[in-house]
Amino acid sequence: MSSDSQSAIPSFPISEDYIAFLNKKLENLPPKQILEWATISIPNLYQTTAFGLTGTVVVDMLSKIASERAGKEGEIVPNPIELVFIDTLYHFNETLELAEQVATKYNTKLHIYKPFNCDSREDFEKNNGQNLWETEKEIYDYLVKVEPARRSYAELAIQAVITGRRRSQGGSRGAIPIIEIDNTATPAILKLNPLAAWDFKEVMAYVRSNEVPYNPLLDKGYKSIGDIHSTRPTKEGESEREGRYEGKDDKECGLHKDYLKMRAAYVAAKKRKVALQSVTGSEVLVEKKMKVEEF
């Protein structure tokens with residue numbers, strides 16, 4: 001990411017005290033009212049989504065708000081809040097199809113960001129090897145999610161993003177506020193979590209009653225859907241995200257972690273990988289030399 005693209009993002013001067021004030025005011029409002037406030041109060045606002053259940057509900061609510069303001073309630077009008085989708089190249093086909101379906105149904109502009117200089121899974125594996133998520137998860141998360149997201153912030157001059165995170169998803173999401181600031185990169189990004197207080201049943205009830213499109217994998221037991229290689233159906237009694245990153249305590253992908261720490265982890269992992277390759281290469285050369293000498 002160039003310094004020019006970073007400077008293209010407008011600054012967002014807002015204090016932690018004011019964020020605390022807003023959270024007190026917004027906490028007990030229904031999600032649609034939170035979104036109504038956000039769409040007239042926050043500049044350069046986008047929705048980042050992987051088209052999970054909460055994400056599609058937010059799109060539907062924003063569409064209804066746009067229709068009401070246009071005096072065309074019940075009709076689909078252009079949604080002014082544009083979508084940003086990080087295509088890791090390892091999404092389920094059902095997710096990719098849903099992304100296009102939602103963008104078309106709600107007349108919403110969809111920005112798709114992929115890993116840098118990669119158009120396909122083959123491109124990524126040619127540059128980085130296969131099964132990188134198993135051998136170097138820090139490198140994988142940074143390359144397929146964190147870097148493309150930060151690139152979108154810069155290129156689209158994003159100041160704030162709407163997310164689909166909810167407290168009922170557990171883990172590090174268990175205490176998320178309605179509104180927060182990501183100060184881990186300059187300039188800061190404001191994050192809005194309008195459905196933070198809703199649980200899975202409330203989200204599902206909204207989907208059913210409003211005929212919101214959703215991923216068909218949900219009907220096969222997938223309550224949280226990410227990359228093919230790190231997602232499985234959720235078992236009875238498990239929390240929503242228990243089907244993600246099986247065997248790992250950390251269920252977050254990197255998008256909502258400390259950017260500076262993620263960047264540092266990526267750099268450190270990259271150095272380890274280069275060092276290992278250097279040692280391995282030296283060992284191979286020594287082995288070849290010994291064979292030549294023996295001959």
# chains A, B, ... in the order shown; residues from 1 in each chain; ligands from 1
call {"tool": "select_by_dssp", "arguments": {"residues": "range 141-253 of chain A", "states": "strand (DSSP E or B)", "output": "list of chain:residue names"}}
result
A:Ala160, A:Val161, A:Ile162, A:Ile179, A:Glu180, A:Ile181, A:Asp182, A:Ile189, A:Leu190, A:Lys191, A:Leu192, A:Asp227, A:Thr231, A:Arg244
call {"tool": "residues_around", "arguments": {"residues": "range 165-181 of chain A", "least_positions_apart": "5", "cutoff": "6 Å", "atoms": "only C-alpha atoms", "output": "PyMOL selection string"}}
result
chain A and resi 23+189-194+196+199+240
call {"tool": "write_last_selection", "arguments": {"atoms": "N, CA and C atoms", "output": "JSON list (two decimals), in the first residue's frame"}}
result
[["chain", "number", "residue", "atom", "x", "y", "z"],
["A", 23, "ASN", "N", -22.06, 5.10, 22.56],
["A", 23, "ASN", "CA", -22.44, 3.72, 22.90],
["A", 23, "ASN", "C", -23.57, 3.68, 23.93],
["A", 189, "ILE", "N", -10.02, 3.89, 11.77],
["A", 189, "ILE", "CA", -11.26, 3.48, 11.13],
["A", 189, "ILE", "C", -12.31, 3.27, 12.20],
["A", 190, "LEU", "N", -13.49, 3.82, 11.99],
["A", 190, "LEU", "CA", -14.58, 3.61, 12.92],
["A", 190, "LEU", "C", -15.34, 2.35, 12.50],
["A", 191, "LYS", "N", -15.68, 1.50, 13.47],
["A", 191, "LYS", "CA", -16.43, 0.27, 13.18],
["A", 191, "LYS", "C", -17.77, 0.30, 13.90],
["A", 192, "LEU", "N", -18.81, 0.00, 13.14],
["A", 192, "LEU", "CA", -20.17, 0.00, 13.68],
["A", 192, "LEU", "C", -20.70, -1.43, 13.67],
["A", 193, "ASN", "N", -21.19, -1.87, 14.83],
["A", 193, "ASN", "CA", -21.72, -3.23, 14.98],
["A", 193, "ASN", "C", -23.20, -3.14, 15.37],
["A", 194, "PRO", "N", -24.09, -2.84, 14.43],
["A", 194, "PRO", "CA", -25.48, -2.52, 14.76],
["A", 194, "PRO", "C", -26.28, -3.69, 15.35],
["A", 196, "ALA", "N", -24.98, -6.02, 17.35],
["A", 196, "ALA", "CA", -24.14, -6.60, 18.41],
["A", 196, "ALA", "C", -24.97, -7.30, 19.48],
["A", 199, "ASP", "N", -29.03, -12.19, 19.09],
["A", 199, "ASP", "CA", -28.50, -13.55, 19.07],
["A", 199, "ASP", "C", -28.90, -14.23, 17.75],
["A", 240, "GLU", "N", -21.86, -20.53, 17.81],
["A", 240, "GLU", "CA", -21.95, -20.29, 16.38],
["A", 240, "GLU", "C", -20.62, -20.47, 15.63]]
call {"tool": "residues_around", "arguments": {"residues": "Asp119 in chain A", "least_positions_apart": "5", "cutoff": "9 Å", "atoms": "only C-alpha atoms", "output": "list of chain:residue names"}}
result
A:Leu89, A:Lys114, A:Phe124
call {"tool": "write_last_selection", "arguments": {"atoms": "N, CA and C atoms", "output": "PDB file, in the first residue's frame"}}
result
ATOM      1  N   LEU A  89     -10.304 -16.124  -2.093  1.00  0.00           N
ATOM      2  CA  LEU A  89     -10.074 -17.140  -3.127  1.00  0.00           C
ATOM      3  C   LEU A  89     -10.363 -18.544  -2.614  1.00  0.00           C
ATOM      4  N   LYS A 114      -9.283  -8.949  -3.647  1.00  0.00           N
ATOM      5  CA  LYS A 114      -8.610 -10.237  -3.551  1.00  0.00           C
ATOM      6  C   LYS A 114      -7.175 -10.042  -3.080  1.00  0.00           C
ATOM      7  N   PHE A 124      -2.551 -17.597  -6.241  1.00  0.00           N
ATOM      8  CA  PHE A 124      -2.106 -17.461  -4.853  1.00  0.00           C
ATOM      9  C   PHE A 124      -1.166 -18.597  -4.465  1.00  0.00           C
TER      10      PHE A 124
END
call {"tool": "select_by_dssp", "arguments": {"residues": "range 89-184 of chain A", "states": "helix (DSSP H, G or I)", "output": "JSON, numbers by chain"}}
result
{"A": [93, 94, 95, 96, 97, 98, 99, 100, 101, 102, 103, 104, 105, 121, 122, 123, 124, 125, 126, 127, 128, 132, 133, 134, 135, 137, 138, 139, 140, 141, 142, 143, 144, 145, 146, 147, 148, 149, 150, 151, 152, 153, 154, 155, 167, 168, 169, 171, 172, 173]}
call {"tool": "write_last_selection", "arguments": {"atoms": "C-alpha atoms", "output": "PDB file, in the first residue's frame"}}
result
ATOM      1  CA  ASN A  93     -19.140 -21.348  -4.260  1.00  0.00           C
ATOM      2  CA  GLU A  94     -22.389 -20.773  -2.382  1.00  0.00           C
ATOM      3  CA  THR A  95     -20.880 -17.670  -0.759  1.00  0.00           C
ATOM      4  CA  LEU A  96     -19.702 -16.235  -4.086  1.00  0.00           C
ATOM      5  CA  GLU A  97     -23.125 -16.824  -5.630  1.00  0.00           C
ATOM      6  CA  LEU A  98     -24.853 -15.196  -2.651  1.00  0.00           C
ATOM      7  CA  ALA A  99     -22.633 -12.113  -2.937  1.00  0.00           C
ATOM      8  CA  GLU A 100     -23.798 -11.494  -6.501  1.00  0.00           C
ATOM      9  CA  GLN A 101     -27.412 -12.333  -5.617  1.00  0.00           C
ATOM     10  CA  VAL A 102     -27.520  -9.840  -2.743  1.00  0.00           C
ATOM     11  CA  ALA A 103     -25.816  -7.052  -4.704  1.00  0.00           C
ATOM     12  CA  THR A 104     -28.322  -7.522  -7.557  1.00  0.00           C
ATOM     13  CA  LYS A 105     -31.445  -7.890  -5.397  1.00  0.00           C
ATOM     14  CA  ARG A 121      -6.547 -19.740  -6.131  1.00  0.00           C
ATOM     15  CA  GLU A 122      -3.912 -21.034  -8.533  1.00  0.00           C
ATOM     16  CA  ASP A 123      -2.243 -17.612  -8.632  1.00  0.00           C
ATOM     17  CA  PHE A 124      -2.106 -17.461  -4.853  1.00  0.00           C
ATOM     18  CA  GLU A 125      -0.687 -20.957  -4.448  1.00  0.00           C
ATOM     19  CA  LYS A 126       1.877 -20.353  -7.178  1.00  0.00           C
ATOM     20  CA  ASN A 127       3.144 -17.331  -5.233  1.00  0.00           C
ATOM     21  CA  ASN A 128       2.804 -18.695  -1.706  1.00  0.00           C
ATOM     22  CA  LEU A 132      -0.431 -21.876   3.709  1.00  0.00           C
ATOM     23  CA  TRP A 133      -3.199 -21.645   6.350  1.00  0.00           C
ATOM     24  CA  GLU A 134      -1.753 -24.804   7.924  1.00  0.00           C
ATOM     25  CA  THR A 135       1.951 -23.998   7.729  1.00  0.00           C
ATOM     26  CA  LYS A 137      -1.511 -19.008   9.464  1.00  0.00           C
ATOM     27  CA  GLU A 138      -0.195 -15.512  10.278  1.00  0.00           C
ATOM     28  CA  ILE A 139       1.071 -15.085   6.724  1.00  0.00           C
ATOM     29  CA  TYR A 140      -2.136 -16.539   5.268  1.00  0.00           C
ATOM     30  CA  ASP A 141      -4.496 -14.323   7.300  1.00  0.00           C
ATOM     31  CA  TYR A 142      -2.512 -11.222   6.471  1.00  0.00           C
ATOM     32  CA  LEU A 143      -2.277 -11.917   2.734  1.00  0.00           C
ATOM     33  CA  VAL A 144      -5.864 -12.997   2.057  1.00  0.00           C
ATOM     34  CA  LYS A 145      -7.793 -10.820   4.520  1.00  0.00           C
ATOM     35  CA  VAL A 146      -5.898  -8.078   6.318  1.00  0.00           C
ATOM     36  CA  GLU A 147      -3.945  -6.604   3.401  1.00  0.00           C
ATOM     37  CA  PRO A 148      -6.905  -6.601   0.957  1.00  0.00           C
ATOM     38  CA  ALA A 149      -9.096  -4.952   3.605  1.00  0.00           C
ATOM     39  CA  ARG A 150      -6.550  -2.223   4.302  1.00  0.00           C
ATOM     40  CA  ARG A 151      -6.133  -1.710   0.560  1.00  0.00           C
ATOM     41  CA  SER A 152      -9.891  -1.212   0.219  1.00  0.00           C
ATOM     42  CA  TYR A 153      -9.860   1.372   3.023  1.00  0.00           C
ATOM     43  CA  ALA A 154      -7.200   3.345   1.193  1.00  0.00           C
ATOM     44  CA  GLU A 155      -8.510   3.071  -2.367  1.00  0.00           C
ATOM     45  CA  ARG A 167     -21.801 -10.753  21.062  1.00  0.00           C
ATOM     46  CA  SER A 168     -23.612 -14.086  20.933  1.00  0.00           C
ATOM     47  CA  GLN A 169     -20.898 -15.349  18.573  1.00  0.00           C
ATOM     48  CA  GLY A 171     -14.896 -15.411  21.948  1.00  0.00           C
ATOM     49  CA  SER A 172     -13.413 -11.948  21.503  1.00  0.00           C
ATOM     50  CA  ARG A 173     -16.800 -10.772  20.209  1.00  0.00           C
TER      51      ARG A 173
END
call {"tool": "residues_around", "arguments": {"residues": "Leu62 in chain A", "least_positions_apart": "3", "cutoff": "9 Å", "atoms": "only C-alpha atoms", "output": "CSV table (one decimal) with C-alpha atoms, in the first residue's frame"}}
result
chain,number,residue,atom,x,y,z
A,32,LYS,CA,-32.5,-0.4,12.1
A,35,LEU,CA,-28.3,2.3,11.0
A,36,GLU,CA,-30.6,5.2,10.3
A,39,THR,CA,-26.2,6.8,7.5
A,57,VAL,CA,-29.7,-8.7,7.4
A,58,VAL,CA,-27.8,-5.4,7.5
A,59,VAL,CA,-28.1,-5.0,3.7
A,65,ILE,CA,-34.1,2.8,5.0
A,66,ALA,CA,-33.1,4.0,1.5
A,67,SER,CA,-36.6,3.1,0.2
A,79,ASN,CA,-28.6,1.5,-1.7
A,80,PRO,CA,-26.1,4.4,-1.0
A,81,ILE,CA,-24.0,2.2,1.4
call {"tool": "atom_distance", "arguments": {"atom1": "CA of Thr48 in chain A", "atom2": "CA of Glu236 in chain A"}}
result
29.2 Å
call {"tool": "decode", "arguments": {"residues": "range 135-149 of chain A", "atoms": "all heavy atoms", "output": "PDB file, in the first residue's frame"}}
result
ATOM      1  N   THR A 135       0.516 -24.152   7.432  1.00  0.00           N
ATOM      2  CA  THR A 135       1.951 -23.998   7.729  1.00  0.00           C
ATOM      3  C   THR A 135       2.293 -22.638   8.314  1.00  0.00           C
ATOM      4  O   THR A 135       3.154 -22.534   9.194  1.00  0.00           O
ATOM      5  CB  THR A 135       2.780 -24.220   6.449  1.00  0.00           C
ATOM      6  OG1 THR A 135       2.362 -23.263   5.451  1.00  0.00           O
ATOM      7  CG2 THR A 135       2.574 -25.625   5.909  1.00  0.00           C
ATOM      8  N   GLU A 136       1.631 -21.592   7.849  1.00  0.00           N
ATOM      9  CA  GLU A 136       1.921 -20.228   8.324  1.00  0.00           C
ATOM     10  C   GLU A 136       0.622 -19.427   8.361  1.00  0.00           C
ATOM     11  O   GLU A 136       0.338 -18.605   7.497  1.00  0.00           O
ATOM     12  CB  GLU A 136       2.935 -19.533   7.410  1.00  0.00           C
ATOM     13  CG  GLU A 136       4.325 -20.115   7.430  1.00  0.00           C
ATOM     14  CD  GLU A 136       5.076 -19.836   8.731  1.00  0.00           C
ATOM     15  OE1 GLU A 136       4.535 -19.091   9.572  1.00  0.00           O
ATOM     16  OE2 GLU A 136       6.186 -20.360   8.888  1.00  0.00           O
ATOM     17  N   LYS A 137      -0.195 -19.655   9.390  1.00  0.00           N
ATOM     18  CA  LYS A 137      -1.511 -19.008   9.464  1.00  0.00           C
ATOM     19  C   LYS A 137      -1.406 -17.484   9.515  1.00  0.00           C
ATOM     20  O   LYS A 137      -2.240 -16.779   8.952  1.00  0.00           O
ATOM     21  CB  LYS A 137      -2.285 -19.510  10.683  1.00  0.00           C
ATOM     22  CG  LYS A 137      -3.729 -18.995  10.729  1.00  0.00           C
ATOM     23  CD  LYS A 137      -4.494 -19.597  11.890  1.00  0.00           C
ATOM     24  CE  LYS A 137      -5.947 -19.113  11.875  1.00  0.00           C
ATOM     25  NZ  LYS A 137      -6.092 -17.657  12.015  1.00  0.00           N
ATOM     26  N   GLU A 138      -0.344 -16.963  10.201  1.00  0.00           N
ATOM     27  CA  GLU A 138      -0.195 -15.512  10.278  1.00  0.00           C
ATOM     28  C   GLU A 138       0.002 -14.901   8.897  1.00  0.00           C
ATOM     29  O   GLU A 138      -0.567 -13.866   8.565  1.00  0.00           O
ATOM     30  CB  GLU A 138       0.982 -15.130  11.183  1.00  0.00           C
ATOM     31  CG  GLU A 138       0.791 -15.494  12.647  1.00  0.00           C
ATOM     32  CD  GLU A 138       1.328 -16.881  12.952  1.00  0.00           C
ATOM     33  OE1 GLU A 138       1.627 -17.637  11.992  1.00  0.00           O
ATOM     34  OE2 GLU A 138       1.442 -17.208  14.138  1.00  0.00           O
ATOM     35  N   ILE A 139       0.828 -15.573   8.083  1.00  0.00           N
ATOM     36  CA  ILE A 139       1.071 -15.085   6.724  1.00  0.00           C
ATOM     37  C   ILE A 139      -0.212 -15.187   5.907  1.00  0.00           C
ATOM     38  O   ILE A 139      -0.597 -14.256   5.191  1.00  0.00           O
ATOM     39  CB  ILE A 139       2.203 -15.874   6.042  1.00  0.00           C
ATOM     40  CG1 ILE A 139       3.534 -15.633   6.774  1.00  0.00           C
ATOM     41  CG2 ILE A 139       2.330 -15.490   4.571  1.00  0.00           C
ATOM     42  CD1 ILE A 139       4.709 -16.404   6.188  1.00  0.00           C
ATOM     43  N   TYR A 140      -0.902 -16.323   6.027  1.00  0.00           N
ATOM     44  CA  TYR A 140      -2.136 -16.539   5.268  1.00  0.00           C
ATOM     45  C   TYR A 140      -3.181 -15.478   5.606  1.00  0.00           C
ATOM     46  O   TYR A 140      -3.730 -14.827   4.706  1.00  0.00           O
ATOM     47  CB  TYR A 140      -2.696 -17.928   5.566  1.00  0.00           C
ATOM     48  CG  TYR A 140      -4.019 -18.199   4.885  1.00  0.00           C
ATOM     49  CD1 TYR A 140      -4.063 -18.534   3.527  1.00  0.00           C
ATOM     50  CD2 TYR A 140      -5.228 -18.081   5.578  1.00  0.00           C
ATOM     51  CE1 TYR A 140      -5.283 -18.748   2.887  1.00  0.00           C
ATOM     52  CE2 TYR A 140      -6.435 -18.295   4.955  1.00  0.00           C
ATOM     53  CZ  TYR A 140      -6.459 -18.625   3.604  1.00  0.00           C
ATOM     54  OH  TYR A 140      -7.662 -18.829   2.983  1.00  0.00           O
ATOM     55  N   ASP A 141      -3.475 -15.291   6.897  1.00  0.00           N
ATOM     56  CA  ASP A 141      -4.496 -14.323   7.300  1.00  0.00           C
ATOM     57  C   ASP A 141      -4.173 -12.918   6.817  1.00  0.00           C
ATOM     58  O   ASP A 141      -5.053 -12.173   6.381  1.00  0.00           O
ATOM     59  CB  ASP A 141      -4.641 -14.313   8.826  1.00  0.00           C
ATOM     60  CG  ASP A 141      -5.442 -15.500   9.354  1.00  0.00           C
ATOM     61  OD1 ASP A 141      -6.083 -16.178   8.533  1.00  0.00           O
ATOM     62  OD2 ASP A 141      -5.431 -15.731  10.574  1.00  0.00           O
ATOM     63  N   TYR A 142      -2.906 -12.570   6.901  1.00  0.00           N
ATOM     64  CA  TYR A 142      -2.512 -11.222   6.471  1.00  0.00           C
ATOM     65  C   TYR A 142      -2.688 -11.053   4.960  1.00  0.00           C
ATOM     66  O   TYR A 142      -3.241 -10.045   4.511  1.00  0.00           O
ATOM     67  CB  TYR A 142      -1.059 -10.938   6.859  1.00  0.00           C
ATOM     68  CG  TYR A 142      -0.651  -9.517   6.547  1.00  0.00           C
ATOM     69  CD1 TYR A 142      -0.933  -8.490   7.447  1.00  0.00           C
ATOM     70  CD2 TYR A 142      -0.027  -9.192   5.346  1.00  0.00           C
ATOM     71  CE1 TYR A 142      -0.592  -7.174   7.156  1.00  0.00           C
ATOM     72  CE2 TYR A 142       0.315  -7.879   5.053  1.00  0.00           C
ATOM     73  CZ  TYR A 142       0.024  -6.878   5.956  1.00  0.00           C
ATOM     74  OH  TYR A 142       0.348  -5.578   5.653  1.00  0.00           O
ATOM     75  N   LEU A 143      -2.255 -12.041   4.191  1.00  0.00           N
ATOM     76  CA  LEU A 143      -2.277 -11.917   2.734  1.00  0.00           C
ATOM     77  C   LEU A 143      -3.684 -11.962   2.148  1.00  0.00           C
ATOM     78  O   LEU A 143      -3.985 -11.220   1.208  1.00  0.00           O
ATOM     79  CB  LEU A 143      -1.434 -13.022   2.099  1.00  0.00           C
ATOM     80  CG  LEU A 143       0.084 -12.929   2.302  1.00  0.00           C
ATOM     81  CD1 LEU A 143       0.772 -14.142   1.666  1.00  0.00           C
ATOM     82  CD2 LEU A 143       0.638 -11.645   1.715  1.00  0.00           C
ATOM     83  N   VAL A 144      -4.550 -12.821   2.689  1.00  0.00           N
ATOM     84  CA  VAL A 144      -5.864 -12.997   2.057  1.00  0.00           C
ATOM     85  C   VAL A 144      -6.956 -12.131   2.667  1.00  0.00           C
ATOM     86  O   VAL A 144      -8.017 -11.946   2.055  1.00  0.00           O
ATOM     87  CB  VAL A 144      -6.317 -14.479   2.084  1.00  0.00           C
ATOM     88  CG1 VAL A 144      -5.265 -15.382   1.472  1.00  0.00           C
ATOM     89  CG2 VAL A 144      -6.666 -14.939   3.493  1.00  0.00           C
ATOM     90  N   LYS A 145      -6.727 -11.583   3.870  1.00  0.00           N
ATOM     91  CA  LYS A 145      -7.793 -10.820   4.520  1.00  0.00           C
ATOM     92  C   LYS A 145      -7.357  -9.419   4.960  1.00  0.00           C
ATOM     93  O   LYS A 145      -7.997  -8.424   4.600  1.00  0.00           O
ATOM     94  CB  LYS A 145      -8.316 -11.617   5.730  1.00  0.00           C
ATOM     95  CG  LYS A 145      -8.915 -12.957   5.321  1.00  0.00           C
ATOM     96  CD  LYS A 145      -9.264 -13.834   6.504  1.00  0.00           C
ATOM     97  CE  LYS A 145      -9.753 -15.199   6.033  1.00  0.00           C
ATOM     98  NZ  LYS A 145     -10.061 -16.115   7.139  1.00  0.00           N
ATOM     99  N   VAL A 146      -6.290  -9.364   5.736  1.00  0.00           N
ATOM    100  CA  VAL A 146      -5.898  -8.078   6.318  1.00  0.00           C
ATOM    101  C   VAL A 146      -5.416  -7.096   5.256  1.00  0.00           C
ATOM    102  O   VAL A 146      -5.893  -5.959   5.192  1.00  0.00           O
ATOM    103  CB  VAL A 146      -4.817  -8.279   7.395  1.00  0.00           C
ATOM    104  CG1 VAL A 146      -4.401  -6.935   7.978  1.00  0.00           C
ATOM    105  CG2 VAL A 146      -5.332  -9.205   8.495  1.00  0.00           C
ATOM    106  N   GLU A 147      -4.480  -7.513   4.423  1.00  0.00           N
ATOM    107  CA  GLU A 147      -3.945  -6.604   3.401  1.00  0.00           C
ATOM    108  C   GLU A 147      -5.019  -6.157   2.410  1.00  0.00           C
ATOM    109  O   GLU A 147      -5.127  -4.949   2.118  1.00  0.00           O
ATOM    110  CB  GLU A 147      -2.766  -7.256   2.675  1.00  0.00           C
ATOM    111  CG  GLU A 147      -2.031  -6.330   1.716  1.00  0.00           C
ATOM    112  CD  GLU A 147      -2.744  -6.111   0.389  1.00  0.00           C
ATOM    113  OE1 GLU A 147      -3.391  -7.061  -0.112  1.00  0.00           O
ATOM    114  OE2 GLU A 147      -2.659  -4.991  -0.160  1.00  0.00           O
ATOM    115  N   PRO A 148      -5.849  -7.066   1.872  1.00  0.00           N
ATOM    116  CA  PRO A 148      -6.905  -6.601   0.957  1.00  0.00           C
ATOM    117  C   PRO A 148      -7.879  -5.628   1.622  1.00  0.00           C
ATOM    118  O   PRO A 148      -8.341  -4.673   0.988  1.00  0.00           O
ATOM    119  CB  PRO A 148      -7.612  -7.900   0.549  1.00  0.00           C
ATOM    120  CG  PRO A 148      -6.586  -8.967   0.734  1.00  0.00           C
ATOM    121  CD  PRO A 148      -5.798  -8.537   1.936  1.00  0.00           C
ATOM    122  N   ALA A 149      -8.185  -5.857   2.902  1.00  0.00           N
ATOM    123  CA  ALA A 149      -9.096  -4.952   3.605  1.00  0.00           C
ATOM    124  C   ALA A 149      -8.486  -3.565   3.744  1.00  0.00           C
ATOM    125  O   ALA A 149      -9.134  -2.552   3.467  1.00  0.00           O
ATOM    126  CB  ALA A 149      -9.441  -5.522   4.973  1.00  0.00           C
TER     127      ALA A 149
END
